[in-house]
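These notes are about the structure you will find just below.
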Amino acid sequence: MTDLSQLQADLSARVAAAADLAALDAVRVEALGKTGSISELLKTLGRMTPEERREQGPKINGLRDAVAAAVTARKDQLETAALDAKLAAERVDLSLPPPPERRGRVHPTMQVLDEMIAVFADLGFALAEGPDIEDDFHNFTALNFPPKHPAREMHDTFWLPEDENGERKLLRTHTSPVQIRVMQQGQNRTLPGWIAQGQEPPIRVIVPGRTYRSDSDATHTPMFHQLEGLVIDRNIHMGHLKWTLDQFISRYFETPVVETRFRPHHFPFTEPSAEMDVKCDRSGKDVKIGQGQDWMEIVGCGMVHPNIIRTCGLDPDEWQGFAFGFGVDRLGTLKYGMPDLRDMFANDVRWLDHYGFSAFQAPNPATGLS
Amino acid sequence: MKFTLSWLKEHLDTSATLDEVVTAMTMAGLEVEHVDDPGAKLAAFTVAKIVEAVQHPNADKLRVCQVDTKDGRLEIVCGAPNARAGLTTIYAPIGAYVPGSGVTLEARPVRGVVSNGMLCSGRELEVTQESDGIVELSDDLAVGASAVAAFGLEAAIDFEVTPNRPDWLGVRGIARDLAAAGLGTLKPDPVQPVKGAFPCPIEIKVDGQACPVFAGRLIRGVKNGPSPAWLQRRLTSVGLRPINALVDVTNLISYDRCRPLHVYDAAKLTGGFVEARLGREGETLEALDGQTYAITPEICVIADGSGAIGLGGVMGGESTKVLETTTDVFVESAWFDPIRTAQTGRSLGLNSDAQYRFARGVDPASPAWGVEQATTLILQLCGGEPSELKVSGQAPAPPTAIAFDRAYVKKLSGLDVGPARIDEILTTLGFAVDGANVTPPSWRRDVEGKADLVEEVARIEGFDNLPEEALPPIARPAGGVLTLRQRRMRDARRTMAARGYAEALTWSFQPREWAQLFGGGDAKLVLANPIAAELNTMRPSALGNLIDAAARNARKGFADAALFEVGPNFRGDEPGDQWTAVTALLAPHAPKSWVKTAADPLFQLKADLLALLDEMGAPPLQVVQGQNAPWWHPGRSARLQLGPKVVIAEFGELHPRVLKALDADGPMLAFELSLDAIPEPKKKGVKTKAALELSPLMPLTRDFAFLVDAQTPAGDLVRPILGADKALIADARVFDVYAGQGVPDGQKSVAVEVLVQPREKTLTDAEIEAMSGRIVAAAAKAVGAKLRG
């Protein structure tokens with residue numbers, strides 16, 4: 001009769017000593033395989049008397065279960081060790097950089113335009129556009145600039161060559177020609193759809209776009225961006241203009257209260273004409289809007305001149321309203337602090353990266369403008 | 001325009017301070033640019049008297065002076081040759097900053113003698129150019145009196161005169177507006193007619209075209225010479241240079257009343273007449289600035305028997321100018337047409353105070369009183385005997401009455417101003433109020449209608465008082481105010497930025513040579529007056545500018561650039577010739593990396609372009625190779641087309657010849673996409689999307705390797721495969737392209753993975769086999785592809 005406890009001790013020691021899965025499996029086969037030592041013992045149960053079987057059965061089965069459990073435990077142990085070793089070997093140096101990627105940016109002037117559009121859209125303004133190459137009528141004459149008037153000279157206009165009729169086109173000096181395109185009644189429609197066409201009042205539009213003047217220094221570039229506003233209705237007066245601009249300034253600069261003041265000025269296309277100043281602090285390096293004791297001019301505006309309304313085929317005794325014109329690039333420098341306007345068009349990648357905006361900073365009522 | 005407070009008080013009865021005047025001006029529309037106070041830097045300087053001046057013991061050229069000052073009697077060392085006992089001069093104490101020499105005084109021994117201050121020259125004080133000696137002042141000035149008072153220095157207010165208000169180019173015009181603004185009372189007009197002693201012997205002729213009205217008078221027996229101190233001071237306080245009394249009188253009146261005048265030495269006039277007429281071809285004039293000007297028939301000249309003697313309204317001539325020896329003077333006070341005067345100034349490049357004023361518009365009613373005011377002053381300063389006043393021609397018609405419903409003030413401005421207050425404002429400003437009618441004064445030719453009158457009332461009442469009123473509600477388009485195209489421009493920017501491109505803003509103009517490289521440069525689009533020769537042509541494409549931007553960055557050490565711009569390009573000068581492009585440029589110089597990728601960056605660019613088109617909602621497009629414009633690499637570029645004609649975009653590598661011409665190192669990759677060419681999708685009434693049908697059955701893939709001609713585009717192989725069984729084939733993707741060993745010469749192997757999506761039931765082997773057969777047949781039919789064995 002085999003000594004069961006001796007056999008169990010012997011097998012347990014061999015299971016524990018198995019160095020790898022193959023060695024462990026060899027022990028398993030030797031003990032629990034078809035002709036293994038424990039399997040042979042189990043076979044003897046059939047030949048035993050019931051009394052013997054009652055005594056030996058639990059012992060032999062217990063031996064089998066114990067050895068099987070030891071094999072399983074050892075197998076887990078060996079597999080875990082093997083996996084640990086494999087993973088340890090797979091270690092990488094995560095201080096290494098990922099492959100280089102470029103960071104895209106939205107130009108600050110375009111971000112500012114989107115911000116302005118968002119504010120004005122909320123006030124019910126739609127967008128109108130017009131061509132950069134304009135004629136004298138839209139840029140000057142229809143806007144109440146008398147021919148040869150000194151105010152025209154003040155515009156530093158870029159001219160294209162004279163055509164066979166002695167007429168010359170120009171690069172628009174402001175976005176105001178689009179006022180005419182939007183207001184002019186009964187036009188022949190032969191232009192592409194993106195160019196504003198005359199609409200019946202009430203009119204409430206903004207006009208963003210490129211504008212051009214022959215001027216270049218730290219605060220002037222030969223090309224710049226304007227955003228024009230035009231409101232025409234029956235009873236729109238200067239109080240509405242003041243409210244609209246105050247709304248805009250406070251929302252754009254994202255400051256609860258910005259002190260502003262209206263001053264009389266002169267523009268040929270508005271009557272009365274005004275400039276609006278904002279309270280600011282210019283004592284430091286950056287201009288701080290909404291603080292301090294200085295005033296800074298921020299927008300030219302006024303009531304649309306009756307001559308213009310008449311030129312566009314509307315009755316100025318019935319329709320009236322206001323117009324204003326912002327310098328977009330300059331508004332950008334005031335909010336975001338770029339020191340020199342010319343850098344806006346220099347396209348230095350470092351500048352664009354620093355002053356530009358993420359694609360996801362689109363103005364949104366839930367998150368603010370930027 | 002510059003003026004001083006004391007000058008203002010000649011016309012305005014007021015106790016207002018300088019600050020109050022500046023604020024009132026700004027709020028009435030006279031935008032003050034700055035206040036220049038020459039006395040501010042001389043606050044520490046005072047009048048002193050030299051009691052004794054003796055030779056310095058150790059220096060030949062120095063004197064040791066005992067000086068009575070506000071600080072008592074002091075010993076001061078002075079090097080001026082005119083330092084002498086009894087001289088009244090200016091003393092600077094220790095610690096004072098001397099503006100003309102830029103030093104702060106310290107009590108330091110000068111060759112062994114301590115100087116307790118300094119006696120100053122005109123140049124050191126920046127009041128004159130005199131540097132040869134210390135200033136010599138009138139003996140009646142008291143010791144300790146301020147230097148500012150001794151020199152009569154005064155702050156000058158400099159403000160921007162808007163082109164509609166030439167009357168503000170005279171101090172009286174400013175005073176009138178300030179009176180209306182409540183700062184004081186306008187004093188009565190001081191000008192009185194002067195009775196002539198004899199008929200004016202000089203005939204005045206006008207031709208009615210060059211100059212509508214011309215007033216003049218001879219004053220004989222004058223004694224010219226330097227002006228008195230008050231007049232010199234008044235002129236220098238606003239930056240004018242005193243010349244002699246007769247000339248100074250004209251300059252004074254020009255600034256006082258915006259009434260430019262001219263004086264001629266009557267002895268030098270020939271022919272007994274003076275006329276204003278248009279110039280004659282070939283005439284020239286030596287003007288008072290010493291330059292000789294060629295005269296054209298567009299220019300108004302003043303002439304006498306000798307020909308042109310002056311440029312009307314611009315500048316007088318050298319031949320008849322008034323000198324200190326002049327005894328008979330002829331005074332001219334005319335009205336010159338603003339537009340002609342402006343053009344003369346521009347065409348001759350000649351600006352003067354007179355030209356500036358006439359170009360903006362002098363009061364047409366002023367010629368006669370201009371002569372009277374000048375006569376009064378000349379008689380006062382130089383004596384003499386005046387002739388009778390002579391006026392030739394007819395002044396332009398005065399402004400006509402405007403029917404003015406006072407309620408329009410409230411309607412247009414929102415301001416509540418009573419009719420009496422409205423009329424008071426207008427009257428103070430010089431308007432004639434007669435019931436419903438309001439007539440502007442002769443000097444307010446800018447006022448044409450009732451809106452102008454509202455402006456007058458509102459700006460005097462104060463824009464501060466304007467109410468704030470919210471805009472009324474307006475119908476808003478559902479789904480936002482942007483048009484699809486405007487939205488696409490905005491989305492294009494943010495898509496490109498999200499894909500790693502930085503947005504550039506480049507000029508709409510560029511060098512003509514660049515425009516020519518990109519199919520533009522038409523003479524019609526070349527600016528007549530560019531700001532710089534190289535910025536002279538409207539761009540046909542933004543590519544040149546972006547290449548240049550990338551090249552500039554590369555020269556600064558930043559060669560790896562991904563730039564884009566959304567902006568206008570120009571085919572011609574008509575509105576319809578302008579189109580909106582999204583232009584992107586990739587200069588692939590990614591920094592070296594330990595992660596190796598061998599992919600051709602051209603396909604990265606293509607991915608960016610396709611992603612952008614997808615974002616724009618463009619329909620599927622055809623890739624057409626070999627037809628690109630000549631600025632593209634012939635083998636590495638293609639077009640994306642909608643049908644056979646509409647080109648939506650071109651993309652690829654830029655031609656090395658173009659890069660070289662722009663001084664840029666290649667390779668550079670780019671695309672230019674026409675935003676306007678992308679069709680608008682059909683409008684639907686609702687925003688719901690088409691129903692999505694998801695098959696519950698597993699998709700399966702099958703790989704095919706085809707042999708095709710090496711020149712066959714892979715796209716031409718994929719298209720028939722996709723069409724071989726539209727119900728089952730969901731996608732076909734090229735995953736390998738190979739030529740070389742095992743592939744016959746002139747051919748390539750293209751491996752395609754086909755994604756099969758069963759819809760109704762799992763496919764049997766036989767069905768899959770049949771579908772594979774259709775794929776192979778379609779490929780063979782379309783491009784002669786053979787399944788690789």
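Chains: A, B, ... in order of the structure tokens. Residues: from 1 per chain. Ligands: from 1, in order shown.
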Mind the document's chain letters and residue numbers, and return as a PyMOL selection string the residues of region 10-164 of chain A that DSSP labels helix (DSSP H, G or I).
chain A and resi 10-17+21-32+37-47+50-89+108-122+136-139+141-143+150-153
Residues within 9 Å of region 256-267 of chain A, only C-alpha atoms, excluding chain neighbours under 5 positions, as a PyMOL selection string:
(chain A and resi 151+242+246+249-251+272-280+289-291+295+300-302) or (chain B and resi 26-31+162-164+455+458-459+462-464+466)
Show me, as a ChimeraX atom specification, the residues that have an atom within 10 Å of region 679-689 of chain B when counting only C-alpha atoms, minus same-chain residues fewer than 6 positions from it.
/B:484-485,616-619,642,648
Name the closest residue to chain A among the candidates B:Gly742, B:Pro440, B:Pro166, B:Gly723; distances are taken between atoms, counting only C-alpha atoms.
B:Pro166
Backbone DSSP call of strand (DSSP E) for region 167-224 of chain A, listed as a VMD selection string
chain A and resid 168 to 171 203 to 212 223 to 224
Residues just named, written with C-alpha atoms as an mmCIF file, in the first residue's frame:
```
data_model
loop_
_atom_site.group_PDB
_atom_site.id
_atom_site.type_symbol
_atom_site.label_atom_id
_atom_site.label_comp_id
_atom_site.auth_asym_id
_atom_site.auth_seq_id
_atom_site.Cartn_x
_atom_site.Cartn_y
_atom_site.Cartn_z
ATOM 1 C CA ARG A 168 -10.763 105.272 -63.114
ATOM 2 C CA LYS A 169 -11.666 102.649 -60.591
ATOM 3 C CA LEU A 170 -10.222 102.710 -57.089
ATOM 4 C CA LEU A 171 -9.612 100.472 -54.111
ATOM 5 C CA ILE A 203 -32.307 97.738 -43.049
ATOM 6 C CA ARG A 204 -29.940 96.542 -40.356
ATOM 7 C CA VAL A 205 -26.611 95.283 -41.663
ATOM 8 C CA ILE A 206 -22.944 95.186 -40.851
ATOM 9 C CA VAL A 207 -20.301 95.197 -43.569
ATOM 10 C CA PRO A 208 -16.903 93.711 -42.773
ATOM 11 C CA GLY A 209 -14.096 93.857 -45.283
ATOM 12 C CA ARG A 210 -10.730 94.893 -46.576
ATOM 13 C CA THR A 211 -10.177 98.622 -47.147
ATOM 14 C CA TYR A 212 -7.223 100.483 -48.579
ATOM 15 C CA MET A 223 -4.639 97.648 -46.329
ATOM 16 C CA PHE A 224 -6.775 97.322 -43.230
#
```
At a cut-off of 9 Å, using only C-alpha atoms, what residues contact Val231 (chain A)? Leave out same-chain residues fewer than 3 positions from it and give the result as a PDB file with C-alpha atoms, in the first residue's frame.
```pdb
ATOM      1  CA  PHE A 125     -27.660  92.799 -37.822  1.00  0.00           C
ATOM      2  CA  PRO A 201     -36.079  99.212 -45.392  1.00  0.00           C
ATOM      3  CA  PRO A 202     -35.998  98.442 -42.554  1.00  0.00           C
ATOM      4  CA  ILE A 203     -32.307  97.738 -43.049  1.00  0.00           C
ATOM      5  CA  ARG A 204     -29.940  96.542 -40.356  1.00  0.00           C
ATOM      6  CA  VAL A 205     -26.611  95.283 -41.663  1.00  0.00           C
ATOM      7  CA  ILE A 206     -22.944  95.186 -40.851  1.00  0.00           C
ATOM      8  CA  ILE A 236     -34.163 105.680 -35.740  1.00  0.00           C
ATOM      9  CA  LEU A 241     -26.935 104.914 -32.327  1.00  0.00           C
ATOM     10  CA  VAL A 304     -26.990 108.865 -42.608  1.00  0.00           C
ATOM     11  CA  GLN A 320     -33.684 107.774 -41.602  1.00  0.00           C
ATOM     12  CA  GLY A 321     -31.024 105.964 -39.642  1.00  0.00           C
ATOM     13  CA  PHE A 322     -27.435 105.736 -38.620  1.00  0.00           C
ATOM     14  CA  ALA A 323     -24.111 104.383 -39.805  1.00  0.00           C
TER      15      ALA A 323
END
```
Near Ser392 (chain B), counting only C-alpha atoms, which residues have an atom at most 9 Å away, once you skip same-chain residues fewer than 2 positions from it, shown as a compact mmCIF listing (two decimals) with N, CA and C atoms, in the first residue's frame?
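Once written, out.txt looks like this:
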```txt
# COMPACT_ATOMS: atom_id res chain seq x y z
N ILE B 204 -9.05 147.66 -60.67
CA ILE B 204 -9.13 146.23 -60.30
C ILE B 204 -10.02 145.54 -61.31
N LYS B 205 -9.49 144.46 -61.93
CA LYS B 205 -10.28 143.75 -62.94
C LYS B 205 -10.43 142.28 -62.52
N VAL B 206 -11.61 141.75 -62.68
CA VAL B 206 -11.80 140.31 -62.47
C VAL B 206 -12.46 139.76 -63.72
N PRO B 212 -14.26 135.61 -58.48
CA PRO B 212 -15.52 136.35 -58.66
C PRO B 212 -15.51 137.76 -58.07
N VAL B 213 -14.80 137.95 -56.97
CA VAL B 213 -14.86 139.27 -56.35
C VAL B 213 -13.49 139.65 -55.76
N PHE B 214 -13.14 140.92 -55.91
CA PHE B 214 -11.79 141.40 -55.54
C PHE B 214 -11.96 142.82 -55.01
N ALA B 215 -11.59 143.02 -53.71
CA ALA B 215 -11.65 144.36 -53.12
C ALA B 215 -10.23 144.85 -52.87
N GLY B 216 -10.01 146.15 -52.99
CA GLY B 216 -8.66 146.67 -52.79
C GLY B 216 -8.67 148.15 -52.46
N LYS B 390 -12.27 149.97 -53.24
CA LYS B 390 -12.75 149.60 -54.57
C LYS B 390 -13.08 148.12 -54.57
N GLN B 394 -18.57 140.21 -58.29
CA GLN B 394 -19.77 139.88 -57.53
C GLN B 394 -19.45 138.66 -56.67
```
Neighbours of Val737 (chain B) within 8 Å (only C-alpha atoms; same-chain residues fewer than 2 positions away dropped), as an mmCIF file with C-alpha atoms, in the first residue's frame?
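Final output, result-v9.cif:
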```cif
data_model
loop_
_atom_site.group_PDB
_atom_site.id
_atom_site.type_symbol
_atom_site.label_atom_id
_atom_site.label_comp_id
_atom_site.auth_asym_id
_atom_site.auth_seq_id
_atom_site.Cartn_x
_atom_site.Cartn_y
_atom_site.Cartn_z
ATOM 1 C CA VAL B 734 -5.898 50.954 -52.312
ATOM 2 C CA PHE B 735 -3.454 49.607 -49.729
ATOM 3 C CA ALA B 739 6.431 47.950 -59.316
ATOM 4 C CA LYS B 748 2.391 48.084 -61.622
ATOM 5 C CA SER B 749 0.589 46.045 -59.065
ATOM 6 C CA VAL B 750 -2.236 47.791 -57.229
ATOM 7 C CA ALA B 751 -3.648 46.000 -54.196
#
```
Nearby residues (only C-alpha atoms) at most 6 Å from region 372-384 of chain B, same-chain spacing under 2 positions excluded, as a PyMOL selection string
chain B and resi 191+193+220-224+369-370
Could I get the residues of region 119-189 of chain A with an atom no further than 12 Å from an atom of region 531-539 of chain B, each paired with its nearest atom pair and that distance in Å to one decimal, using only C-alpha atoms, sorted by chain and residue number, as a tab-separated table?
```
residue	atom	partner	partner_atom	distance
A:Asp132	CA	B:Met538	CA	10.2
A:Ile133	CA	B:Met538	CA	9.4
A:Asp156	CA	B:Ile531	CA	10.1
A:Thr157	CA	B:Ile531	CA	10.3
A:Phe158	CA	B:Ile531	CA	8.3
A:Trp159	CA	B:Asn536	CA	10.3
A:Leu160	CA	B:Thr537	CA	9.3
A:Pro161	CA	B:Thr537	CA	11.2
A:Leu170	CA	B:Met538	CA	11.2
A:Leu171	CA	B:Met538	CA	9.7
```
Suppose we keep N, CA and C atoms; can you now write the selection as a compact mmCIF listing (two decimals), in the first residue's frame?
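So the final result, stored in result-v2.txt, reads:
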```txt
# COMPACT_ATOMS: atom_id res chain seq x y z
N ASP A 132 -13.89 94.90 -53.45
CA ASP A 132 -12.76 95.73 -53.00
C ASP A 132 -12.43 96.80 -54.04
N ILE A 133 -12.58 96.46 -55.34
CA ILE A 133 -12.36 97.44 -56.40
C ILE A 133 -13.70 98.12 -56.66
N ASP A 156 -6.54 109.49 -49.19
CA ASP A 156 -5.33 108.81 -49.68
C ASP A 156 -5.68 107.59 -50.54
N THR A 157 -6.48 107.84 -51.55
CA THR A 157 -7.04 106.76 -52.36
C THR A 157 -6.00 106.10 -53.27
N PHE A 158 -6.07 104.79 -53.37
CA PHE A 158 -5.32 104.07 -54.41
C PHE A 158 -6.18 104.03 -55.68
N TRP A 159 -5.59 104.48 -56.77
CA TRP A 159 -6.34 104.53 -58.03
C TRP A 159 -5.85 103.48 -59.01
N LEU A 160 -6.78 102.95 -59.80
CA LEU A 160 -6.41 102.10 -60.93
C LEU A 160 -6.30 103.01 -62.15
N PRO A 161 -5.70 102.50 -63.24
CA PRO A 161 -5.50 103.40 -64.39
C PRO A 161 -6.81 103.86 -65.03
N LEU A 170 -11.07 102.48 -58.26
CA LEU A 170 -10.22 102.71 -57.09
C LEU A 170 -10.36 101.54 -56.13
N LEU A 171 -9.46 101.45 -55.19
CA LEU A 171 -9.61 100.47 -54.11
C LEU A 171 -10.42 101.16 -53.02
```
Which one is closest to chain B: A:Phe269, A:Phe120, A:Trp243, A:Trp319? Count only C-alpha atoms.
A:Trp243
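Note that the spacing between CA of Gly313 (chain A) and CA of Glu153 (chain A) amounts to 27.4 Å.
Here CA of Asp265 (chain B) and CA of Val329 (chain B) stand 4.9 Å from one another.
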